[in-house]
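Here is the file upload13.tsv (TSV, C-alpha atoms and all ligand atoms).
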chain	number	residue	atom	x	y	z
A	1	MET	CA	0.00	0.00	0.00
A	2	GLU	CA	0.96	3.62	-0.34
A	3	ARG	CA	1.81	4.85	3.12
A	4	LYS	CA	-0.30	7.77	4.17
A	5	PHE	CA	1.47	8.82	7.35
A	6	PRO	CA	4.35	10.77	5.82
A	7	ASP	CA	7.70	9.02	5.88
A	8	SER	CA	9.17	12.41	6.83
A	9	LEU	CA	7.58	11.94	10.28
A	10	ILE	CA	9.15	8.51	10.79
A	11	GLU	CA	12.83	7.77	11.46
A	12	GLU	CA	12.86	4.29	9.98
A	13	ASP	CA	16.10	3.24	11.69
A	14	GLU	CA	14.68	4.15	15.12
A	15	PHE	CA	11.10	3.07	14.59
A	16	SER	CA	9.76	-0.43	15.19
A	17	ARG	CA	6.30	-1.83	15.69
A	18	PHE	CA	5.20	-1.16	19.25
A	19	ASP	CA	5.46	-3.89	21.86
A	20	ARG	CA	2.31	-3.48	23.95
A	21	ARG	CA	4.12	-4.73	27.05
A	22	ASP	CA	5.93	-1.38	26.95
A	23	ASN	CA	2.94	0.83	27.55
A	24	VAL	CA	2.10	1.85	31.08
A	25	PHE	CA	-0.49	-0.87	31.65
A	26	GLY	CA	1.85	-3.52	30.27
A	27	ARG	CA	4.54	-2.25	32.63
A	28	VAL	CA	2.13	-2.30	35.58
A	29	LYS	CA	1.79	-5.99	34.86
A	30	HIS	CA	5.30	-7.04	33.82
A	31	ASP	CA	7.99	-4.43	34.47
A	32	GLU	CA	9.55	-4.79	37.92
A	33	GLU	CA	11.65	-1.67	37.21
A	34	ALA	CA	8.59	0.52	36.68
A	35	PRO	CA	7.84	2.73	39.72
A	36	PHE	CA	4.19	1.65	39.55
A	37	PHE	CA	4.79	-2.11	39.08
A	38	ARG	CA	1.66	-4.01	40.16
A	39	GLN	CA	-0.06	-0.79	41.25
A	40	GLY	CA	-3.54	-0.79	39.78
A	41	ILE	CA	-5.36	2.48	39.44
A	42	TYR	CA	-7.31	2.00	42.69
A	43	SER	CA	-4.31	0.96	44.79
A	44	ARG	CA	-4.13	4.31	46.60
A	45	ILE	CA	-7.84	5.02	46.59
A	46	ASP	CA	-8.04	5.65	50.36
A	47	ARG	CA	-6.17	8.90	49.86
A	48	VAL	CA	-9.08	10.47	47.99
A	49	LEU	CA	-12.20	8.38	48.55
A	50	ASP	CA	-15.08	10.44	50.03
A	51	LYS	CA	-12.76	13.38	50.70
A	52	GLU	CA	-14.53	15.59	48.11
A	53	GLU	CA	-17.74	15.52	46.10
A	54	ASN	CA	-15.97	14.46	42.89
A	55	TYR	CA	-14.40	11.56	44.77
A	56	SER	CA	-17.44	10.06	46.48
A	57	SER	CA	-18.06	6.32	46.73
A	58	PHE	CA	-21.23	6.80	44.68
A	59	GLU	CA	-19.25	8.45	41.89
A	60	LEU	CA	-16.60	5.70	41.99
A	61	ALA	CA	-19.27	3.00	41.88
A	62	ARG	CA	-20.75	4.77	38.84
A	63	ALA	CA	-17.32	4.83	37.18
A	64	ILE	CA	-16.66	1.15	37.85
A	65	GLY	CA	-20.17	0.29	36.65
A	66	GLY	CA	-19.39	2.13	33.44
A	67	TRP	CA	-16.57	-0.31	32.67
A	68	SER	CA	-18.83	-3.37	32.93
A	69	VAL	CA	-19.37	-4.17	29.26
A	70	TYR	CA	-15.74	-3.50	28.46
A	71	ASP	CA	-14.55	-5.66	31.36
A	72	TYR	CA	-16.83	-8.65	30.95
A	73	PHE	CA	-17.49	-8.90	27.22
A	74	THR	CA	-13.95	-10.01	26.39
A	75	GLU	CA	-14.86	-11.25	22.92
A	76	ALA	CA	-15.33	-7.62	21.93
A	77	PHE	CA	-11.57	-7.32	21.95
A	78	GLU	CA	-10.59	-10.55	20.26
A	79	PRO	CA	-10.59	-11.28	16.53
A	80	LYS	CA	-12.96	-14.20	16.93
A	81	THR	CA	-16.66	-14.84	17.05
A	82	PRO	CA	-18.22	-15.34	20.48
A	83	ASP	CA	-19.00	-19.05	20.78
A	84	HIS	CA	-21.27	-19.05	23.79
A	85	SER	CA	-24.29	-17.16	22.49
A	86	ASN	CA	-27.44	-18.36	24.22
A	87	ASN	CA	-29.66	-17.24	21.37
A	88	ILE	CA	-31.59	-20.25	20.05
A	89	MET	CA	-32.06	-18.80	16.56
A	90	ASP	CA	-29.74	-19.99	13.82
A	91	LYS	CA	-28.56	-16.83	12.16
A	92	PRO	CA	-27.83	-17.04	8.44
A	93	ILE	CA	-24.64	-16.14	6.63
A	94	LEU	CA	-25.78	-13.77	3.91
A	95	THR	CA	-24.63	-13.05	0.39
A	96	PRO	CA	-24.10	-9.34	-0.22
A	97	PRO	CA	-26.32	-8.10	-3.07
A	98	SER	CA	-23.25	-6.25	-4.34
A	99	ARG	CA	-19.52	-6.62	-3.81
A	100	ASP	CA	-18.78	-3.24	-5.30
A	101	PRO	CA	-16.39	-1.60	-2.81
A	102	GLU	CA	-18.34	1.63	-3.06
A	103	VAL	CA	-21.55	-0.11	-2.00
A	104	LEU	CA	-19.83	-2.13	0.73
A	105	THR	CA	-18.15	0.97	2.12
A	106	ARG	CA	-21.43	2.87	2.22
A	107	GLU	CA	-23.17	-0.01	4.00
A	108	VAL	CA	-20.36	-0.59	6.52
A	109	LYS	CA	-20.22	3.09	7.39
A	110	GLN	CA	-23.99	3.24	7.76
A	111	ALA	CA	-23.87	0.22	10.07
A	112	ALA	CA	-21.15	1.85	12.19
A	113	LEU	CA	-23.26	5.00	12.55
A	114	ASP	CA	-26.37	2.92	13.30
A	115	TYR	CA	-24.52	1.13	16.11
A	116	GLY	CA	-23.43	4.41	17.68
A	117	ALA	CA	-20.23	5.71	16.07
A	118	SER	CA	-20.19	9.48	15.78
A	119	LEU	CA	-17.55	9.42	13.02
A	120	VAL	CA	-16.27	6.61	10.83
A	121	GLY	CA	-13.45	6.40	8.31
A	122	VAL	CA	-11.72	3.69	6.30
A	123	THR	CA	-8.04	3.18	5.61
A	124	GLU	CA	-5.85	0.45	4.27
A	125	VAL	CA	-3.92	-0.98	7.18
A	126	ASP	CA	-0.42	0.45	7.39
A	127	LYS	CA	1.26	-2.58	8.97
A	128	ARG	CA	3.65	-0.34	10.91
A	129	TRP	CA	0.78	0.41	13.29
A	130	VAL	CA	0.04	-3.23	14.17
A	131	TYR	CA	1.52	-4.06	17.58
A	132	LYS	CA	4.47	-6.43	17.74
A	133	THR	CA	2.90	-8.24	20.69
A	134	ASP	CA	-0.11	-7.99	22.93
A	135	ARG	CA	0.19	-6.93	26.57
A	136	ASP	CA	1.36	-10.42	27.59
A	137	GLY	CA	4.01	-10.72	24.88
A	138	ASN	CA	2.05	-12.88	22.45
A	139	PRO	CA	2.59	-11.95	18.78
A	140	VAL	CA	-0.41	-10.46	17.01
A	141	ASP	CA	0.93	-11.09	13.51
A	142	HIS	CA	-2.40	-12.58	12.44
A	143	LEU	CA	-3.61	-8.98	12.24
A	144	LEU	CA	-1.11	-8.36	9.43
A	145	ASP	CA	-3.36	-10.47	7.16
A	146	TYR	CA	-6.09	-7.83	7.11
A	147	ASP	CA	-6.12	-5.15	4.42
A	148	TYR	CA	-8.64	-2.60	5.67
A	149	ALA	CA	-9.47	-0.88	8.93
A	150	VAL	CA	-12.84	0.65	9.70
A	151	VAL	CA	-11.97	3.27	12.30
A	152	MET	CA	-14.71	4.63	14.52
A	153	ILE	CA	-15.05	7.49	16.97
A	154	VAL	CA	-17.04	7.15	20.17
A	155	PRO	CA	-17.81	10.47	21.85
A	156	ILE	CA	-17.10	11.00	25.55
A	157	GLU	CA	-19.71	12.92	27.55
A	158	LEU	CA	-18.39	16.45	27.84
A	159	ALA	CA	-19.83	17.82	31.09
A	160	PRO	CA	-18.05	15.33	33.40
A	161	ILE	CA	-14.81	15.73	31.46
A	162	ARG	CA	-14.95	19.42	32.31
A	163	LYS	CA	-14.83	18.40	36.02
A	164	SER	CA	-11.55	16.47	35.55
A	165	PRO	CA	-9.76	15.22	37.53
A	166	GLY	CA	-12.16	13.09	39.53
A	167	PHE	CA	-14.54	10.16	39.33
A	168	PRO	CA	-17.21	11.81	37.11
A	169	ALA	CA	-14.62	12.24	34.32
A	170	ALA	CA	-13.47	8.65	34.91
A	171	ARG	CA	-17.07	7.48	34.57
A	172	ALA	CA	-17.51	9.32	31.25
A	173	SER	CA	-14.36	7.67	29.95
A	174	ALA	CA	-15.42	4.23	31.24
A	175	VAL	CA	-18.83	4.43	29.63
A	176	SER	CA	-17.19	5.26	26.30
A	177	TYR	CA	-14.94	2.20	26.61
A	178	SER	CA	-18.00	0.03	27.13
A	179	LYS	CA	-19.67	1.67	24.13
A	180	MET	CA	-16.56	0.82	22.11
A	181	ALA	CA	-17.05	-2.85	23.01
A	182	PHE	CA	-20.68	-2.70	21.89
A	183	LEU	CA	-19.85	-0.91	18.66
A	184	ILE	CA	-17.00	-3.11	17.45
A	185	SER	CA	-18.87	-6.29	18.41
A	186	CYS	CA	-21.91	-5.29	16.39
A	187	LEU	CA	-19.95	-4.05	13.39
A	188	SER	CA	-17.76	-7.17	13.30
A	189	GLU	CA	-20.79	-9.41	13.32
A	190	PHE	CA	-22.39	-7.33	10.56
A	191	ILE	CA	-19.29	-7.89	8.41
A	192	ARG	CA	-19.07	-11.61	9.26
A	193	ARG	CA	-22.74	-12.16	8.42
A	194	LEU	CA	-21.91	-10.95	4.91
A	195	GLY	CA	-19.23	-13.62	4.62
A	196	TYR	CA	-16.08	-11.61	5.34
A	197	ARG	CA	-13.54	-11.78	8.14
A	198	ALA	CA	-13.53	-9.12	10.86
A	199	ALA	CA	-11.27	-8.45	13.85
A	200	PRO	CA	-12.69	-6.05	16.45
A	201	MET	CA	-10.30	-3.95	18.50
A	202	GLY	CA	-10.40	-1.22	21.10
A	203	ASN	CA	-6.97	-0.01	22.16
A	204	ASP	CA	-5.60	-3.50	21.50
A	205	GLY	CA	-4.18	-4.97	18.31
A	206	ALA	CA	-2.85	-1.83	16.66
A	207	LEU	CA	-2.21	1.83	17.39
A	208	SER	CA	-5.54	3.60	17.03
A	209	ILE	CA	-4.38	7.19	16.60
A	210	PRO	CA	-2.30	6.81	13.41
A	211	LEU	CA	-5.01	4.58	11.94
A	212	ALA	CA	-7.56	7.32	12.68
A	213	VAL	CA	-5.25	9.91	11.11
A	214	ASP	CA	-4.86	7.68	8.04
A	215	ALA	CA	-8.65	7.31	7.87
A	216	GLY	CA	-9.05	11.09	7.78
A	217	LEU	CA	-10.68	11.42	11.20
A	218	GLY	CA	-8.33	13.93	12.80
A	219	ARG	CA	-4.78	14.88	13.69
A	220	LEU	CA	-2.36	14.07	16.48
A	221	GLY	CA	-2.16	16.76	19.16
A	222	ARG	CA	0.50	17.84	21.63
A	223	ASN	CA	-1.50	16.02	24.32
A	224	GLY	CA	-0.74	12.71	22.57
A	225	LEU	CA	-4.39	12.25	21.59
A	226	LEU	CA	-6.37	12.37	18.37
A	227	ILE	CA	-7.95	15.78	17.80
A	228	THR	CA	-11.07	15.63	15.66
A	229	SER	CA	-12.52	18.79	14.20
A	230	GLU	CA	-15.98	17.92	15.55
A	231	LEU	CA	-15.25	16.80	19.12
A	232	GLY	CA	-11.60	17.69	19.73
A	233	SER	CA	-9.97	14.89	21.70
A	234	CYS	CA	-13.09	14.19	23.77
A	235	VAL	CA	-13.32	10.87	21.97
A	236	LYS	CA	-12.36	7.21	22.11
A	237	ILE	CA	-11.17	5.36	19.03
A	238	CYS	CA	-11.95	1.78	18.11
A	239	LYS	CA	-11.52	-0.19	14.92
A	240	VAL	CA	-12.45	-3.31	13.02
A	241	PHE	CA	-9.99	-4.89	10.62
A	242	THR	CA	-11.50	-6.75	7.67
A	243	ASN	CA	-10.69	-8.41	4.38
A	244	MET	CA	-13.82	-6.85	2.84
A	245	GLU	CA	-12.61	-4.62	0.00
A	246	LEU	CA	-13.51	-1.05	0.88
A	247	LEU	CA	-12.83	2.42	-0.43
A	248	GLU	CA	-10.35	4.42	1.60
A	249	ASP	CA	-10.96	7.89	2.92
A	250	ASP	CA	-8.44	10.61	2.22
A	251	PRO	CA	-6.08	11.16	5.13
A	252	VAL	CA	-5.76	14.60	6.66
A	253	ASP	CA	-3.12	16.72	4.97
A	254	THR	CA	-0.85	17.16	8.02
A	255	PRO	CA	-0.89	14.45	10.73
A	256	LEU	CA	0.23	16.85	13.47
A	257	LEU	CA	-2.20	19.57	14.49
A	258	SER	CA	-0.52	22.81	13.38
A	259	GLN	CA	-2.09	24.87	16.22
A	260	CYS	CA	-0.17	22.76	18.74
A	261	TYR	CA	3.15	24.35	17.74
A	262	SER	CA	2.12	27.56	19.50
A	263	CYS	CA	-0.78	26.52	21.77
A	264	LYS	CA	0.41	24.82	24.95
A	265	LEU	CA	-2.78	24.95	26.99
A	266	CYS	CA	-2.86	21.20	27.59
A	267	ALA	CA	0.74	21.23	28.82
A	268	ARG	CA	-0.06	24.04	31.23
A	269	ALA	CA	-3.18	22.26	32.48
A	270	CYS	CA	-1.26	19.11	33.34
A	271	GLU	CA	-0.49	19.08	37.06
A	272	VAL	CA	2.57	16.85	36.64
A	273	ASP	CA	4.14	18.42	33.51
A	274	ALA	CA	3.66	15.22	31.54
A	275	ILE	CA	3.08	17.09	28.27
A	276	SER	CA	5.99	18.63	26.40
A	277	GLU	CA	6.17	22.41	26.14
A	278	LYS	CA	8.82	22.30	23.43
A	279	THR	CA	7.76	24.12	20.29
A	280	GLU	CA	9.01	21.49	17.87
A	281	PRO	CA	8.01	17.82	17.87
A	282	GLU	CA	10.79	15.26	18.29
A	283	THR	CA	11.48	11.56	17.84
A	284	GLY	CA	12.90	10.96	21.33
A	285	ARG	CA	11.20	9.58	24.42
A	286	ALA	CA	9.82	11.33	27.49
A	287	CYS	CA	9.55	7.98	29.32
A	288	PRO	CA	10.17	4.27	28.63
A	289	SER	CA	6.58	3.87	27.40
A	290	ASN	CA	7.08	6.05	24.31
A	291	ASN	CA	7.83	4.49	20.96
A	292	GLU	CA	10.90	5.99	19.33
A	293	GLY	CA	11.22	7.15	15.77
A	294	ILE	CA	7.98	9.11	15.33
A	295	PHE	CA	8.03	12.93	15.23
A	296	ARG	CA	5.46	14.15	17.79
A	297	TRP	CA	5.38	15.72	21.22
A	298	PRO	CA	6.17	12.75	23.47
A	299	VAL	CA	3.97	12.51	26.57
A	300	ASP	CA	5.53	11.36	29.83
A	301	HIS	CA	3.11	8.50	30.51
A	302	TYR	CA	5.02	7.54	33.66
A	303	SER	CA	4.26	10.91	35.29
A	304	CYS	CA	0.73	10.81	33.92
A	305	TYR	CA	0.03	7.37	35.43
A	306	GLN	CA	1.59	8.34	38.76
A	307	PHE	CA	-0.89	11.23	38.83
A	308	TRP	CA	-3.71	8.80	38.10
A	309	LEU	CA	-2.59	6.68	41.05
A	310	GLU	CA	-2.55	9.69	43.37
A	311	ASN	CA	-5.91	10.70	42.02
A	312	GLY	CA	-7.52	7.27	42.26
A	313	SER	CA	-8.82	7.52	38.72
A	314	ASP	CA	-7.83	8.47	35.23
A	315	CYS	CA	-7.57	12.12	34.30
A	316	SER	CA	-8.84	14.12	31.34
A	317	SER	CA	-7.61	17.61	32.22
A	318	CYS	CA	-5.60	17.87	28.99
A	319	ILE	CA	-8.80	17.14	27.04
A	320	ALA	CA	-10.78	19.71	29.02
A	321	ALA	CA	-8.12	22.38	28.44
A	322	CYS	CA	-7.94	21.97	24.67
A	323	PRO	CA	-9.68	24.68	22.64
A	324	PHE	CA	-10.81	22.01	20.18
A	325	THR	CA	-12.96	20.40	22.87
A	326	PRO	CA	-16.49	21.75	22.35
A	327	ASN	CA	-18.12	23.82	25.10
B	401	LIG	S1	-4.28	12.84	31.57
B	401	LIG	FE1	-3.92	14.38	33.19
B	401	LIG	S2	-1.93	13.77	34.06
B	401	LIG	FE2	-2.10	12.75	32.07
B	401	LIG	S3	-1.13	14.13	30.58
B	401	LIG	FE3	-3.33	14.65	30.60
B	401	LIG	S4	-3.50	16.32	32.12
B	401	LIG	FE4	-1.50	15.29	32.46
B	402	LIG	S1	-4.52	22.27	24.05
B	402	LIG	FE1	-3.51	23.32	22.36
B	402	LIG	S2	-1.49	22.32	22.25
B	402	LIG	FE2	-2.81	20.98	23.44
B	402	LIG	S3	-3.65	19.51	21.98
B	402	LIG	FE3	-5.14	21.20	22.14
B	402	LIG	S4	-4.56	22.62	20.50
B	402	LIG	FE4	-2.82	21.24	20.80
Would you mind writing the file out in C-alpha cells?
Amino acid sequence: MERKFPDSLIEEDEFSRFDRRDNVFGRVKHDEEAPFFRQGIYSRIDRVLDKEENYSSFELARAIGGWSVYDYFTEAFEPKTPDHSNNIMDKPILTPPSRDPEVLTREVKQAALDYGASLVGVTEVDKRWVYKTDRDGNPVDHLLDYDYAVVMIVPIELAPIRKSPGFPAARASAVSYSKMAFLISCLSEFIRRLGYRAAPMGNDGALSIPLAVDAGLGRLGRNGLLITSELGSCVKICKVFTNMELLEDDPVDTPLLSQCYSCKLCARACEVDAISEKTEPETGRACPSNNEGIFRWPVDHYSCYQFWLENGSDCSSCIAACPFTPN
C-alpha cells in the first residue's frame, strides 16, 4: 500500500512496531523496574475516597459500573466470534447483493453509525501500526493479514470531562470504553454475516491514533491524543480490521495539528508536567513507554500514570483544556 502517514515523520532506523508490554499498563503488569509495578489504578484510593464531592463512593461506583461491558465482554476485543451465544435462533450467513467496494463501504459506514459511532473512516492498514505483541508478549501477527481498517469514533460525555480530575470524568471515559465494546462487536458481526472476516479492537491490536489519522478522522495533538474537528480529543477510538474490499478515505493533509506548535494549553493544564512544552516535535522519548522514531510531542506516561494513582482515577484535564474540545 501507499503509506499515508508521511515518511518524513518517521525515522525508519529508530522506529519499530510497538510492543504493547511497553505501555504503562503492560509495565504495571510485567515491568519490575517501573515505579508503579503491580499498582492498579485504585491501589491508593483511600487517599481520595469520600474526601470531596468528585471523589465520592457513589461516583466511583458509577465509574466502575461504566466499565462493565468493556470488562466482561472479552470477545469484543478478540478477533474471533463469540462461541457461547445463548440465542436459540440460527442466524444465516448472507450473500451481499453487491460486492462493489463503493456499495460495501457505504453499508459498513452506515452500520457503524447505526450502532453508535459518531464518526467513521476507512483506511488500508499500514502494517507499521500493528503491535508487535499484545500486553502479555504474544505476537499479534495474524492482524497483518487484514487489508482494511474501519476506524470509529465514540464520543465521551463532555460535562463530566470538564470536572476532571475526579470520578465523574473517569465514569464518562469508562462508559465510552463500554460503548466501544458494543460498537465493534456489532460491526464485526455485521461484516461476518456478509461472509467476510472481521477483527474487532479497542486499544488492543494496533495503534488507534495513526489509523484514525490515516482514515481522515483527525490529527495528532500535543496532548498525545487524536484531535477531531468535531469533538476535539473528547473521543475514544476503536476499529475493526477486515478483508472486505472497501474504499479508503483521504487522510488529513498534516498528521500533526498545526495549532499545537504555538498553543500549549494542555501542557499548562497538566499538574505533573507530563506534556511537552517544546515548540518542535521530536522523535525521542519522554519515558520508557514512548515508541521511538515518530516525530510528535512525546507525553511522559510515567508521570501521567503516577498522577492517576494519586488521584484514584484516570484524568482528562488535557482534554478539558484543549480549545478544540467543544463547550
Ligand atoms: S491525563 Fe492528566 S496527568 Fe495525564 S497528561 Fe493529561 S493532564 Fe497530564
Ligand atoms: S490544548 Fe492546544 S497544544 Fe494541546 S492539543 Fe489542544 S490545540 Fe494542541
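Closest to A:Arg62 among A:Gly216, A:Pro210, A:Gly166, A:Pro288 is A:Gly166, based on only C-alpha atoms.
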Cut-off 10 Å: closest chain A/ligand LIG 402 (chain B) atom pairs per residue, using all atoms listed in the file, as a tab-separated table:
residue	atom	partner	partner_atom	distance
A:Arg219	CA	B:LIG402	S3	9.6
A:Leu220	CA	B:LIG402	S3	7.8
A:Gly221	CA	B:LIG402	S3	4.2
A:Arg222	CA	B:LIG402	S3	4.5
A:Asn223	CA	B:LIG402	S3	4.7
A:Gly224	CA	B:LIG402	S3	7.4
A:Leu225	CA	B:LIG402	S3	7.3
A:Leu226	CA	B:LIG402	S3	8.5
A:Ile227	CA	B:LIG402	S3	7.1
A:Gly232	CA	B:LIG402	FE3	7.7
A:Ser233	CA	B:LIG402	S3	7.8
A:Leu256	CA	B:LIG402	FE4	9.1
A:Leu257	CA	B:LIG402	FE4	6.6
A:Ser258	CA	B:LIG402	FE4	7.9
A:Gln259	CA	B:LIG402	S4	5.4
A:Cys260	CA	B:LIG402	FE4	3.7
A:Tyr261	CA	B:LIG402	S2	6.8
A:Ser262	CA	B:LIG402	S2	6.9
A:Cys263	CA	B:LIG402	FE1	4.2
A:Lys264	CA	B:LIG402	S2	4.1
A:Leu265	CA	B:LIG402	S1	4.3
A:Cys266	CA	B:LIG402	S1	4.1
A:Ala267	CA	B:LIG402	FE2	6.5
A:Arg268	CA	B:LIG402	S1	8.6
A:Ala269	CA	B:LIG402	S1	8.5
A:Ile275	CA	B:LIG402	FE2	8.6
A:Ser276	CA	B:LIG402	S2	9.3
A:Glu277	CA	B:LIG402	S2	8.6
A:Thr279	CA	B:LIG402	S2	9.6
A:Trp297	CA	B:LIG402	S2	9.6
A:Ser317	CA	B:LIG402	S1	9.9
A:Cys318	CA	B:LIG402	S1	6.7
A:Ile319	CA	B:LIG402	S1	7.3
A:Ala320	CA	B:LIG402	S1	8.4
A:Ala321	CA	B:LIG402	S1	5.7
A:Cys322	CA	B:LIG402	S1	3.5
A:Pro323	CA	B:LIG402	FE3	5.7
A:Phe324	CA	B:LIG402	FE3	6.1
A:Thr325	CA	B:LIG402	FE3	7.9
>> Give me, as a ChimeraX atom specification, all polymer residues having an atom no more than 12 Å from A:Asp13, counting only C-alpha atoms and skipping those fewer than 4 positions away in the same chain.
In response: /A:7,17,283,292-294
Show me, as a tab-separated table, the residues of stretch 271-290 of chain A having an atom within 10 Å of stretch 20-39 of chain A, each with the closest atom pair and its distance in Å, using all atoms listed in the file.
residue	atom	partner	partner_atom	distance
A:Cys287	CA	A:Val24	CA	9.8
A:Pro288	CA	A:Asp22	CA	7.3
A:Ser289	CA	A:Asn23	CA	4.7
A:Asn290	CA	A:Asn23	CA	7.4
> Any idea what the distance is between atom CA of A:Gly284 and atom CA of A:Tyr177?
Replying inline: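 The value is 29.7 Å.
Of the residues under consideration (A:Phe58, A:Tyr131, A:Phe77, A:Tyr70), A:Tyr131 shows the shortest atom-to-atom contact distance to A:Phe18 when counting all atoms listed in the file.
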>> So that I can check the surroundings of A:Val69, please list as a list in words every protein, DNA and RNA residue that reaches within 12 Å of it, counting all atoms listed in the file and ignoring chain neighbours fewer than 2 positions away.
In response: Ile64, Gly65, Gly66, Trp67, Asp71, Tyr72, Phe73, Thr74, Glu75, Ala76, Phe77, Ala174, Val175, Ser176, Tyr177, Ser178, Lys179, Met180, Ala181, Phe182, Leu183 and Ser185 of chain A
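Of note, atom CA of A:Arg296 and atom CA of A:Ala274 are spaced 13.9 Å apart.
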For A:Lys127: contacts at 9 Å, all atoms listed in the file, fewer than 6 positions along chain excluded, given as a PDB file with C-alpha atoms, in the coordinates of the input:
ATOM      1  CA  ARG A  17       6.300  -1.830  15.690  1.00  0.00           C
ATOM      2  CA  LEU A 143      -3.610  -8.980  12.240  1.00  0.00           C
ATOM      3  CA  LEU A 144      -1.110  -8.360   9.430  1.00  0.00           C
ATOM      4  CA  ALA A 206      -2.850  -1.830  16.660  1.00  0.00           C
TER       5      ALA A 206
END
> Smallest atom-to-atom distance to A:Asp145: which of A:Ser303, A:Ser8, A:Ala198, A:Asp46, using only C-alpha atoms?
Replying inline: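 Comparing A:Ser303, A:Ser8, A:Ala198, A:Asp46 against A:Asp145, the winner is A:Ala198.
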> Can you tell me how far atom CA of A:Asn311 sits from atom CA of A:Ile45, in Å to one decimal?
Replying inline: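 Straight-line distance from atom CA of A:Asn311 to atom CA of A:Ile45 works out to 7.5 Å.
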> For ligand LIG 401 (chain B), which residue among A:Ser56, A:Thr123, A:Ser164, A:Thr228 is the nearest when counting only C-alpha atoms and all ligand atoms?
Replying inline: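 Counting only C-alpha atoms and all ligand atoms, the residue closest to ligand LIG 401 (chain B) is A:Ser164.
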